[in-house]
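A.B. asks: I have a structure I would like to understand better, so I am pasting it below and will then ask my questions one at a time.
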Number of protein chains: 2
Amino acid sequence: MLRIGFLGGQEEVGRNMIFLEDVSQKKLGDILVIDCGLRFPEEDMPGIDYIIPNADYLEKNRNRVKGLVVTHGHYDHLGAIPYLIEKIGNPTIYTAPLTAGIIKKRQQEFPQGPKLDIEIIYQNYKGKRTKIGVFEVMPFHVNHNIPDSVGLAIKTPIGLIFHSGDFKFDFHPVGERRSDPALITKLASRKTLLLLADSTGAENPGFSVSEKVIYQNLERIFEKAQGRIIAATFASLISRIQQLIWLAEKFGRYVVVDGLSMKTNIEVCRKLGYLRIKKGVLISPKESLRMPPEKVLIICTGSQAEDQAVLQRIATKEHKYFQIEPGDTVIFSSSVIPGNERSVQNLKDSLCRQGAKVFHYQMMDIHASGHACQEDLKLLISLVQPKFFIPIHGQYSMLQANTELARELGIPRENIIIPTNGNIVELTPNSIKISKEKLDAFYVMVDGLGVGDVGEVVLRDREMLAKDGIFVIIAVIDSRIGKVKGSPDIISRGFVYLRESKELLAEVRKLTKEIVAKTASRERTKNWAYVKANLRDGIGEFLYQKTKRRPMVLPVVIEV
Amino acid sequence: MLRIGFLGGQEEVGRNMIFLEDVSQKKLGDILVIDCGLRFPEEDMPGIDYIIPNADYLEKNRNRVKGLVVTHGHYDHLGAIPYLIEKIGNPTIYTAPLTAGIIKKRQQEFPQGPKLDIEIIYQNYKGKRTKIGVFEVMPFHVNHNIPDSVGLAIKTPIGLIFHSGDFKFDFHPVGERRSDPALITKLASRKTLLLLADSTGAENPGFSVSEKVIYQNLERIFEKAQGRIIAATFASLISRIQQLIWLAEKFGRYVVVDGLSMKTNIEVCRKLGYLRIKKGVLISPKESLRMPPEKVLIICTGSQAEDQAVLQRIATKEHKYFQIEPGDTVIFSSSVIPGNERSVQNLKDSLCRQGAKVFHYQMMDIHASGHACQEDLKLLISLVQPKFFIPIHGQYSMLQANTELARELGIPRENIIIPTNGNIVELTPNSIKISKEKLDAFYVMVDGLGVGDVGEVVLRDREMLAKDGIFVIIAVIDSRIGKVKGSPDIISRGFVYLRESKELLAEVRKLTKEIVAKTASRERTKNWAYVKANLRDGIGEFLYQKTKRRPMVLPVVIEV
């Protein structure tokens with residue numbers, strides 16, 4: 001038997017971390033981990049930086065972890081390495097050169113971290129069949145939107161398993177080879193036991209848009225643009241950045257790259273030969289100010305209207321060098337991540353208002369997802385012809401859509417499993433099912449230096465604080481007579497303007513004295529919890545009556 | 001001259017409130033107000049219920065306000081009436097019967113409010129030319145997605161003005177007449193000075209999708225559904241609710257309506273004859289439990305995954321009567337309001353996971369916007385042929401897109417103005433420009449009972465509280481010796497789990513004592529502000545060093 005574990009946050013199954021666990025020798029054996037990424041927080045998690053997979057199970061069994069394979073260089077597949085690699089026993093990381101470069105670069109931000117042991121098992125479109133414990137891993141090239149993206153063919157003691165990675169079929173990619181359907185067929189050799197397939201785009205009909213189409217559309221914008229071009233995209237979208245640079249070279253523009261994460265990525269890619277830029281094309285922001293606008297392309301971060309990213313700073317005139325000038329062309333070569341729609345719309349408005357011509361992906365295809373659509377997925381399934389099927393990389397409705405594609409192509413319902421994170425799937429040559437054992441898959445949240453120390457309660461408090469603020473009452477109580485000494489102090493934030501609410505505060509002070517007098521009678525003087533509970537409820541209710549708001553009420557009782 | 005004022009929140013221009021002000025007699029004269037709506041808050045306004053227009057200018061000049069015309073029955077056009085009608089002098093409200101019914105119903109929630117004076121100036125697709133001060137208003141039928149939606153042709157002392165209302169051209173509407181291009185042409189009579197046109201859909205190419213297409217697609221779902229159908233839509237989408245009821249009647253299903261706002265709307269509409277439901281079709285949730293599932297249609301609220309709305313409660317098994325059963329079909333007949341994408345996706349996942357078949361508008365056209373797309377707008381502009389053009393109802397990029405359509409149709413650039421809220425546009429028979437006078441267009445936020453008492457500072461505090469929580473230190477200071485008595489109390493919420501941070505707290509207590517000892521020396525004992533500032537900075541910095549978080553630090557100093 002083989003066990004397949006799905007780790008990660010709650011919504012997206014297996015995108016951040018999966019593991020294979022051999023049970024062929026009647027006991028739990030070698031573990032192979034695939035990817036080790038992070039997820040960005042939801043809007044109901046204020047203050048949280050990242051969510052990382054809960055790797056407790058791997059930590060407990062780290063002596064059996066034989067290796068970590070990373071499929072490509074995006075943070076949702078490698079960003080948790082600094083937090084988790086030591087916990088899971090600092091195993092060898094098997095990957096491709098660019099991915100390795102990005103992993104190393106990120107590790108530099110964690111100087112206390114361990115030295116990583118990285119082995120290259122894929123280079124120049126060629127995979128190297130590699131033994132990792134009882135497993136044998138063979139990476140193969142897939143199109144995505146960063147070079148060196150791979151899928152995996154994995155020989156396990158019970159049979160062959162395919163892992164699609166993040167992929168699409170692009171028959172006209174820009175700057176890299178196309179996916180190789182023949183190679184996939186050959187690797188699968190009609191004997192594949194299981195296919196794990198990317199479901200991100202499984203709800204989208206048709207074939208994915210080719211990067212060539214994107215290139216052509218961008219080219220049309222370059223042809224027409226008379227002033228400066230500012231192109232915002234994701235810092236990790238190396239293929240797109242390459243396209244933009246080639247277009248700049250074609251149309252005689254110099255290129256400024258702005259945005260820390262983007263500059264870092266470009267640096268890694270150039271050093272390793274994954275980005276080709278002609279000499280003299282890259283210039284500094286300052287140099288670009290001396291160029292005529294029609295000679296300048298600025299590639300930058302901020303397509304999601306993130307607060308401190310470059311494009312936002314340009315729009316709010318907080319950028320050191322750049323402001324929008326009438327005649328500028330701004331290209332959003334990116335999709336909008338759900339949750340950012342309003343801020344992106346406001347950013348677009350601001351740019352338009354300052355005189356820029358704005359292009360975004362709803363207007364024409366100037367961004368393509370890196371993920372397979374329905375026809376890509378059908379092609380993959382047809383090539384691999386697996387006996388069993390597990391949709392991964394997506395939320396439930398996407399996994400379900402992927403499942404329906406597999407069923408259309410003849411995989412019987414009982415051979416398909418839709419897991420959730422925390423599940424372990426038990427696979428034998430003849431059966432697939434979800435184990436009764438369930439791993440802990442709660443969010444592990446990273447907030448500043450703290451990993452996992454912010455939980456549901458803290459988050460709920462933050463949300464409550466955000467909604468109606470906080471109201472602290474400090475009552476100094478003379479314990480001999482059980483009465484408030486002087487006037488209770490009140491501190492409040494996020495509730496109402498205190499200066500304009502004098503009457504309300506006077507009433508609260510009066511009520512506080514009454515409640516204390518009633519509850520702190522001499523007999524029970526020491527029961528401050530009782531007094532506090534009464535203050536909390538009484539004052540909470542009073543404030544609600546008066547304002548229809550429910551700030552968090554915190555009574556502080558000081559006995560003198 | 002005529003002055004046109006744009007009020008409302010920041011982003012969407014003129015959707016909530018516009019006014020026309022006559023200046024033909026060399027002095028400021030009659031004012032006509034169009035719409036009086038509210039806007040729902042952005043995600044960076046925690047706890048806020050609504051945003052209403054800032055009507056200070058109208059309040060100051062309420063003796064000149066001659067009337068309020070309301071174009072249709074949606075809250076973004078009438079929801080602020082209870083808050084503002086008295087301020088602007090309780091003028092007569094001119095509107096259509098359904099809109100009047102909804103206004104009255106809403107006013108019932110404000111029993112202290114004034115009695116409204118409402119005059120019907122449009123009924124059964126027929127407008128009544130009505131004098132309101134120096135203005136003469138002629139409403140005309142437009143398609144939107146609630147019956148009794150109108151556009152306005154307004155005779156002013158300097159010429160004819162058209163206001164499109166929220167509109168689209170639907171040549172196959174369901175349950176109402178189509179828009180009447182010939183009537184618009186006649187009313188415009190080639191002499192229109194100005195067109196104010198809805199820009200909501202101005203970035204979308206093509207013609208708007210007809211409600212008939214929606215009907216046909218919904219019909220296909222009804223044909224195939226074998227179990228219960230649960231259709232979620234907006235409570236105000238009366239036309240869609242009518243379609244769903246007709247389909248239920250056609251396919252022999254009983255109808256349960258669930259969701260307070262939806263029930264209220266349906267009640268108003270039925271009473272006034274705007275919804276036709278056969279006798280015996282409407283049943284209670286309880287009755288529906290005794291019916292076979294294939295005989296039941298539930299129409300409900302919650303298509304935006306709002307916390308307490310019906311569909312969400314069904315999904316979380318908190319609904320009194322309904323749970324998802326395998327075989328249920330769930331239809332989201334609505335778009336996703338920007339900002340709600342993640343929660344809607346999670347809701348869809350949850351429904352799928354429980355065995356429902358889910359249909360949403362990305363899969364097929366089962367929702368149409370009520371707003372004109374580019375071709376609709378071109379048609380309107382061609383029919384009205386205005387001399388001047390102002391795009392309204394949209395954010396800047398949409399207004400700009402609308403502007404480009406007007407330019408394509410030959411309106412010269414200098415005859416087009418893109419206003420922002422707070423602007424006053426000065427119009428003469430020969431010119432249009434933005435006045436130097438700017439009205440206050442800051443947000444007026446409604447939070448519980450408070451109107452306008454939550455401002456930037458309170459919101460900023462709420463955001464800060466949400467991000468890293470609050471940390472209150474209470475130090476009782478013996479003023480004779482300038483030292484902390486006993487151990488300082490610490491209260492914290494939304495920061496870290498205090499129980500698991502004992503060491504941190506011990507260090508904070510120690511630091512508090514040190515800071516007090518240093519700053520509260522006998523000479524300056526009374527300068528508690530100085531002590532507090534030192535505590536705030538010192539402890540804030542210490543916490544940041546230890547956790548990389550910045551909770552709001554509130555020092556409380558009690559002198560005994």
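Just remember, in the structure tokens the first chain shown is A, the second B, etc., residues are 1-based per chain, and ligands are 1-based in the order shown.
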Which residues of chain A are close to chain B, meaning at most 7 Å apart when you count only C-alpha atoms, and how do they look as a PyMOL selection string?
C.D. replies: chain A and resi 46-47+338-342+348-349+352-353+395-397+448-450+453-454+458-459+461-463+465-469+493-497+547-549
A.B. asks: Can you list, as a ChimeraX atom specification, every protein, DNA or RNA residue that comes within 12 Å of region 268-276 of chain A when you count only C-alpha atoms, leaving out same-chain residues fewer than 4 positions away?
C.D. replies: /A:73,96-106,123-124,146-148,174-176,235-246,249,261-264,281-282
A.B. asks: Could the residues in this selection be written to a file with N, CA, C and O atoms, as a short mmCIF file (atom, residue, chain, number, x, y, z; two decimals), in the first residue's frame?
C.D. replies:
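Result written to again.cif:
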```
data_model
loop_
_atom_site.label_atom_id
_atom_site.label_comp_id
_atom_site.auth_asym_id
_atom_site.auth_seq_id
_atom_site.Cartn_x
_atom_site.Cartn_y
_atom_site.Cartn_z
N GLY A 73 9.31 27.22 -9.12
CA GLY A 73 9.84 28.28 -8.27
C GLY A 73 8.86 29.28 -7.69
O GLY A 73 9.26 30.40 -7.37
N ALA A 96 15.02 21.74 -9.87
CA ALA A 96 15.69 22.25 -11.07
C ALA A 96 16.52 23.49 -10.70
O ALA A 96 16.30 24.08 -9.65
N PRO A 97 17.43 23.90 -11.57
CA PRO A 97 18.35 24.98 -11.20
C PRO A 97 17.68 26.29 -10.81
O PRO A 97 18.04 26.91 -9.80
N LEU A 98 16.70 26.75 -11.59
CA LEU A 98 16.09 28.03 -11.26
C LEU A 98 15.36 27.94 -9.93
O LEU A 98 15.47 28.83 -9.07
N THR A 99 14.61 26.85 -9.75
CA THR A 99 13.89 26.66 -8.49
C THR A 99 14.90 26.65 -7.33
O THR A 99 14.66 27.29 -6.29
N ALA A 100 16.00 25.96 -7.53
CA ALA A 100 17.03 25.92 -6.50
C ALA A 100 17.55 27.31 -6.19
O ALA A 100 17.74 27.69 -5.03
N GLY A 101 17.76 28.10 -7.24
CA GLY A 101 18.25 29.46 -7.05
C GLY A 101 17.29 30.28 -6.20
O GLY A 101 17.69 31.04 -5.31
N ILE A 102 15.99 30.13 -6.48
CA ILE A 102 15.00 30.91 -5.73
C ILE A 102 14.93 30.42 -4.28
O ILE A 102 14.80 31.21 -3.34
N ILE A 103 15.03 29.11 -4.10
CA ILE A 103 15.03 28.56 -2.73
C ILE A 103 16.22 29.11 -1.93
O ILE A 103 16.06 29.56 -0.80
N LYS A 104 17.37 29.13 -2.56
CA LYS A 104 18.57 29.62 -1.85
C LYS A 104 18.45 31.09 -1.52
O LYS A 104 18.81 31.53 -0.44
N LYS A 105 17.95 31.85 -2.49
CA LYS A 105 17.80 33.28 -2.28
C LYS A 105 16.86 33.53 -1.10
O LYS A 105 17.12 34.38 -0.24
N ARG A 106 15.76 32.81 -1.05
CA ARG A 106 14.80 33.01 0.05
C ARG A 106 15.43 32.60 1.38
O ARG A 106 15.21 33.25 2.40
N GLN A 123 17.38 19.57 -15.75
CA GLN A 123 18.12 20.71 -16.30
C GLN A 123 17.99 20.71 -17.82
O GLN A 123 18.00 19.64 -18.43
N ASN A 124 17.89 21.87 -18.41
CA ASN A 124 17.78 21.98 -19.87
C ASN A 124 16.71 21.04 -20.43
O ASN A 124 16.96 20.31 -21.40
N ILE A 146 6.68 30.11 -15.23
CA ILE A 146 8.04 30.33 -14.76
C ILE A 146 8.86 29.19 -15.34
O ILE A 146 8.37 28.06 -15.42
N PRO A 147 10.09 29.46 -15.82
CA PRO A 147 10.88 28.37 -16.41
C PRO A 147 11.15 27.28 -15.37
O PRO A 147 11.00 27.51 -14.17
N ASP A 148 11.58 26.13 -15.86
CA ASP A 148 11.93 25.00 -14.99
C ASP A 148 10.76 24.44 -14.20
O ASP A 148 10.94 23.88 -13.11
N VAL A 174 6.36 31.20 -25.14
CA VAL A 174 7.32 32.24 -25.48
C VAL A 174 8.56 32.02 -24.64
O VAL A 174 8.50 32.02 -23.43
N GLY A 175 9.68 31.78 -25.29
CA GLY A 175 10.94 31.68 -24.58
C GLY A 175 11.22 30.35 -23.92
O GLY A 175 12.15 30.22 -23.16
N GLU A 176 10.38 29.36 -24.16
CA GLU A 176 10.70 28.03 -23.65
C GLU A 176 10.10 26.99 -24.58
O GLU A 176 9.34 27.32 -25.48
N ALA A 235 5.71 39.41 -9.58
CA ALA A 235 7.17 39.33 -9.53
C ALA A 235 7.67 37.95 -9.94
O ALA A 235 8.80 37.78 -10.38
N SER A 236 6.82 36.95 -9.81
CA SER A 236 7.24 35.57 -10.09
C SER A 236 6.93 35.15 -11.52
O SER A 236 7.23 34.03 -11.92
N LEU A 237 6.31 36.03 -12.28
CA LEU A 237 5.89 35.67 -13.63
C LEU A 237 7.05 35.89 -14.61
O LEU A 237 6.99 36.74 -15.49
N ILE A 238 8.07 35.07 -14.45
CA ILE A 238 9.31 35.28 -15.20
C ILE A 238 9.07 35.26 -16.71
O ILE A 238 9.64 36.05 -17.45
N SER A 239 8.21 34.36 -17.17
CA SER A 239 7.98 34.27 -18.61
C SER A 239 7.41 35.58 -19.15
O SER A 239 7.77 36.04 -20.23
N ARG A 240 6.49 36.17 -18.41
CA ARG A 240 5.91 37.44 -18.84
C ARG A 240 6.95 38.55 -18.83
O ARG A 240 7.02 39.38 -19.74
N ILE A 241 7.77 38.57 -17.81
CA ILE A 241 8.81 39.60 -17.72
C ILE A 241 9.76 39.48 -18.91
O ILE A 241 10.13 40.47 -19.53
N GLN A 242 10.08 38.24 -19.29
CA GLN A 242 10.93 38.02 -20.47
C GLN A 242 10.26 38.58 -21.72
O GLN A 242 10.89 39.26 -22.53
N GLN A 243 8.98 38.32 -21.89
CA GLN A 243 8.26 38.84 -23.05
C GLN A 243 8.34 40.36 -23.11
O GLN A 243 8.56 40.96 -24.17
N LEU A 244 8.11 40.98 -21.95
CA LEU A 244 8.12 42.44 -21.91
C LEU A 244 9.50 42.98 -22.27
O LEU A 244 9.62 43.97 -23.00
N ILE A 245 10.53 42.30 -21.80
CA ILE A 245 11.89 42.75 -22.12
C ILE A 245 12.17 42.60 -23.61
O ILE A 245 12.70 43.50 -24.25
N TRP A 246 11.75 41.49 -24.20
CA TRP A 246 11.95 41.32 -25.64
C TRP A 246 11.21 42.39 -26.44
O TRP A 246 11.70 42.90 -27.43
N GLU A 249 13.12 45.55 -26.27
CA GLU A 249 14.26 45.52 -27.18
C GLU A 249 13.82 45.72 -28.63
O GLU A 249 14.42 46.48 -29.39
N SER A 261 10.94 42.34 -4.84
CA SER A 261 10.82 40.91 -5.13
C SER A 261 11.09 40.64 -6.61
O SER A 261 11.69 39.64 -6.98
N MET A 262 10.67 41.56 -7.46
CA MET A 262 10.89 41.38 -8.89
C MET A 262 12.38 41.49 -9.22
O MET A 262 12.92 40.68 -9.99
N LYS A 263 13.03 42.46 -8.61
CA LYS A 263 14.46 42.61 -8.87
C LYS A 263 15.23 41.37 -8.40
O LYS A 263 16.13 40.90 -9.09
N THR A 264 14.83 40.87 -7.24
CA THR A 264 15.47 39.67 -6.72
C THR A 264 15.31 38.51 -7.69
O THR A 264 16.27 37.81 -8.04
N VAL A 281 20.38 47.40 -21.92
CA VAL A 281 18.94 47.63 -21.96
C VAL A 281 18.40 48.02 -20.58
O VAL A 281 17.56 48.91 -20.45
N LEU A 282 18.91 47.35 -19.58
CA LEU A 282 18.46 47.66 -18.22
C LEU A 282 19.09 48.97 -17.75
O LEU A 282 20.30 49.13 -17.80
#
```
A.B. asks: Compile the contact shell of Asn430 (chain B) as a ChimeraX atom specification: residues with an atom at most 10 Å away, counting only C-alpha atoms, same-chain residues fewer than 6 positions apart removed.
C.D. replies: /B:1,158,193,387-388,415
A.B. asks: Can you write just those residues out, all heavy atoms, as a PDB file, in the first residue's frame?
C.D. replies:
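Output file again.pdb follows:
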```
ATOM      1  N   MET B   1     -27.926  79.950 -16.329  1.00  0.00           N
ATOM      2  CA  MET B   1     -27.036  78.817 -16.028  1.00  0.00           C
ATOM      3  C   MET B   1     -27.753  77.797 -15.159  1.00  0.00           C
ATOM      4  O   MET B   1     -28.660  78.127 -14.409  1.00  0.00           O
ATOM      5  CB  MET B   1     -25.779  79.335 -15.306  1.00  0.00           C
ATOM      6  CG  MET B   1     -24.737  78.241 -15.131  1.00  0.00           C
ATOM      7  SD  MET B   1     -23.161  78.900 -14.522  1.00  0.00           S
ATOM      8  CE  MET B   1     -23.561  79.330 -12.846  1.00  0.00           C
ATOM      9  N   ILE B 158     -32.767  76.432 -18.997  1.00  0.00           N
ATOM     10  CA  ILE B 158     -31.811  76.649 -20.090  1.00  0.00           C
ATOM     11  C   ILE B 158     -31.868  75.555 -21.151  1.00  0.00           C
ATOM     12  O   ILE B 158     -31.142  75.613 -22.135  1.00  0.00           O
ATOM     13  CB  ILE B 158     -30.354  76.748 -19.578  1.00  0.00           C
ATOM     14  CG1 ILE B 158     -29.942  75.446 -18.893  1.00  0.00           C
ATOM     15  CG2 ILE B 158     -30.156  77.937 -18.669  1.00  0.00           C
ATOM     16  CD1 ILE B 158     -28.460  75.272 -18.863  1.00  0.00           C
ATOM     17  N   LEU B 193     -29.895  69.270 -24.468  1.00  0.00           N
ATOM     18  CA  LEU B 193     -28.681  69.996 -24.129  1.00  0.00           C
ATOM     19  C   LEU B 193     -27.654  69.051 -23.506  1.00  0.00           C
ATOM     20  O   LEU B 193     -26.476  69.090 -23.837  1.00  0.00           O
ATOM     21  CB  LEU B 193     -29.052  71.103 -23.128  1.00  0.00           C
ATOM     22  CG  LEU B 193     -27.975  72.132 -22.806  1.00  0.00           C
ATOM     23  CD1 LEU B 193     -27.521  72.851 -24.063  1.00  0.00           C
ATOM     24  CD2 LEU B 193     -28.506  73.122 -21.767  1.00  0.00           C
ATOM     25  N   LYS B 387     -26.042  67.686 -26.824  1.00  0.00           N
ATOM     26  CA  LYS B 387     -24.930  68.582 -27.121  1.00  0.00           C
ATOM     27  C   LYS B 387     -23.795  68.337 -26.126  1.00  0.00           C
ATOM     28  O   LYS B 387     -22.642  68.262 -26.514  1.00  0.00           O
ATOM     29  CB  LYS B 387     -25.417  70.030 -27.005  1.00  0.00           C
ATOM     30  CG  LYS B 387     -24.348  71.051 -27.302  1.00  0.00           C
ATOM     31  CD  LYS B 387     -24.989  72.420 -27.525  1.00  0.00           C
ATOM     32  CE  LYS B 387     -23.940  73.460 -27.896  1.00  0.00           C
ATOM     33  NZ  LYS B 387     -24.556  74.791 -28.062  1.00  0.00           N
ATOM     34  N   PHE B 388     -24.160  68.190 -24.855  1.00  0.00           N
ATOM     35  CA  PHE B 388     -23.162  67.930 -23.812  1.00  0.00           C
ATOM     36  C   PHE B 388     -23.381  66.559 -23.195  1.00  0.00           C
ATOM     37  O   PHE B 388     -24.494  66.018 -23.223  1.00  0.00           O
ATOM     38  CB  PHE B 388     -23.236  69.003 -22.724  1.00  0.00           C
ATOM     39  CG  PHE B 388     -22.932  70.382 -23.233  1.00  0.00           C
ATOM     40  CD1 PHE B 388     -23.948  71.330 -23.409  1.00  0.00           C
ATOM     41  CD2 PHE B 388     -21.624  70.741 -23.546  1.00  0.00           C
ATOM     42  CE1 PHE B 388     -23.663  72.593 -23.895  1.00  0.00           C
ATOM     43  CE2 PHE B 388     -21.340  72.010 -24.018  1.00  0.00           C
ATOM     44  CZ  PHE B 388     -22.361  72.942 -24.200  1.00  0.00           C
ATOM     45  N   ASN B 415     -17.079  69.152 -24.876  1.00  0.00           N
ATOM     46  CA  ASN B 415     -18.475  69.112 -24.449  1.00  0.00           C
ATOM     47  C   ASN B 415     -18.762  67.995 -23.445  1.00  0.00           C
ATOM     48  O   ASN B 415     -19.899  67.684 -23.147  1.00  0.00           O
ATOM     49  CB  ASN B 415     -19.407  68.940 -25.669  1.00  0.00           C
ATOM     50  CG  ASN B 415     -19.494  70.223 -26.485  1.00  0.00           C
ATOM     51  OD1 ASN B 415     -18.688  71.148 -26.271  1.00  0.00           O
ATOM     52  ND2 ASN B 415     -20.456  70.301 -27.393  1.00  0.00           N
TER      53      ASN B 415
END
```
A.B. asks: With distances taken over only C-alpha atoms, which residue among B:Lys513, B:Lys295, B:Lys186, B:Arg178 lies nearest Ala225 (chain B)?
C.D. replies: B:Lys295
A.B. asks: Might you pull out every residue within 12 Å of Arg407 (chain B), with only C-alpha atoms counted and same-chain residues fewer than 4 positions away left off, and present them as a VMD selection string?
C.D. replies: chain B and resid 377 to 378 381 to 382 385 to 391 400 to 403 411 to 417
A.B. asks: I'd like to know which of A:Thr316, A:Thr428, A:Asn217, A:Thr130 is closest to Val23 (chain A), using only C-alpha atoms.
C.D. replies: A:Thr428
A.B. asks: If you run DSSP on the backbone, which residues of region 369-476 of chain B are helix (DSSP H, G or I), as JSON, numbers by chain?
C.D. replies: {"B": [374, 375, 376, 377, 378, 379, 380, 381, 382, 383, 384, 396, 397, 398, 399, 400, 401, 402, 403, 404, 405, 406, 407, 408, 413, 414, 415, 456, 457, 458, 459, 460, 461, 462, 463, 464, 465, 466, 467, 468]}
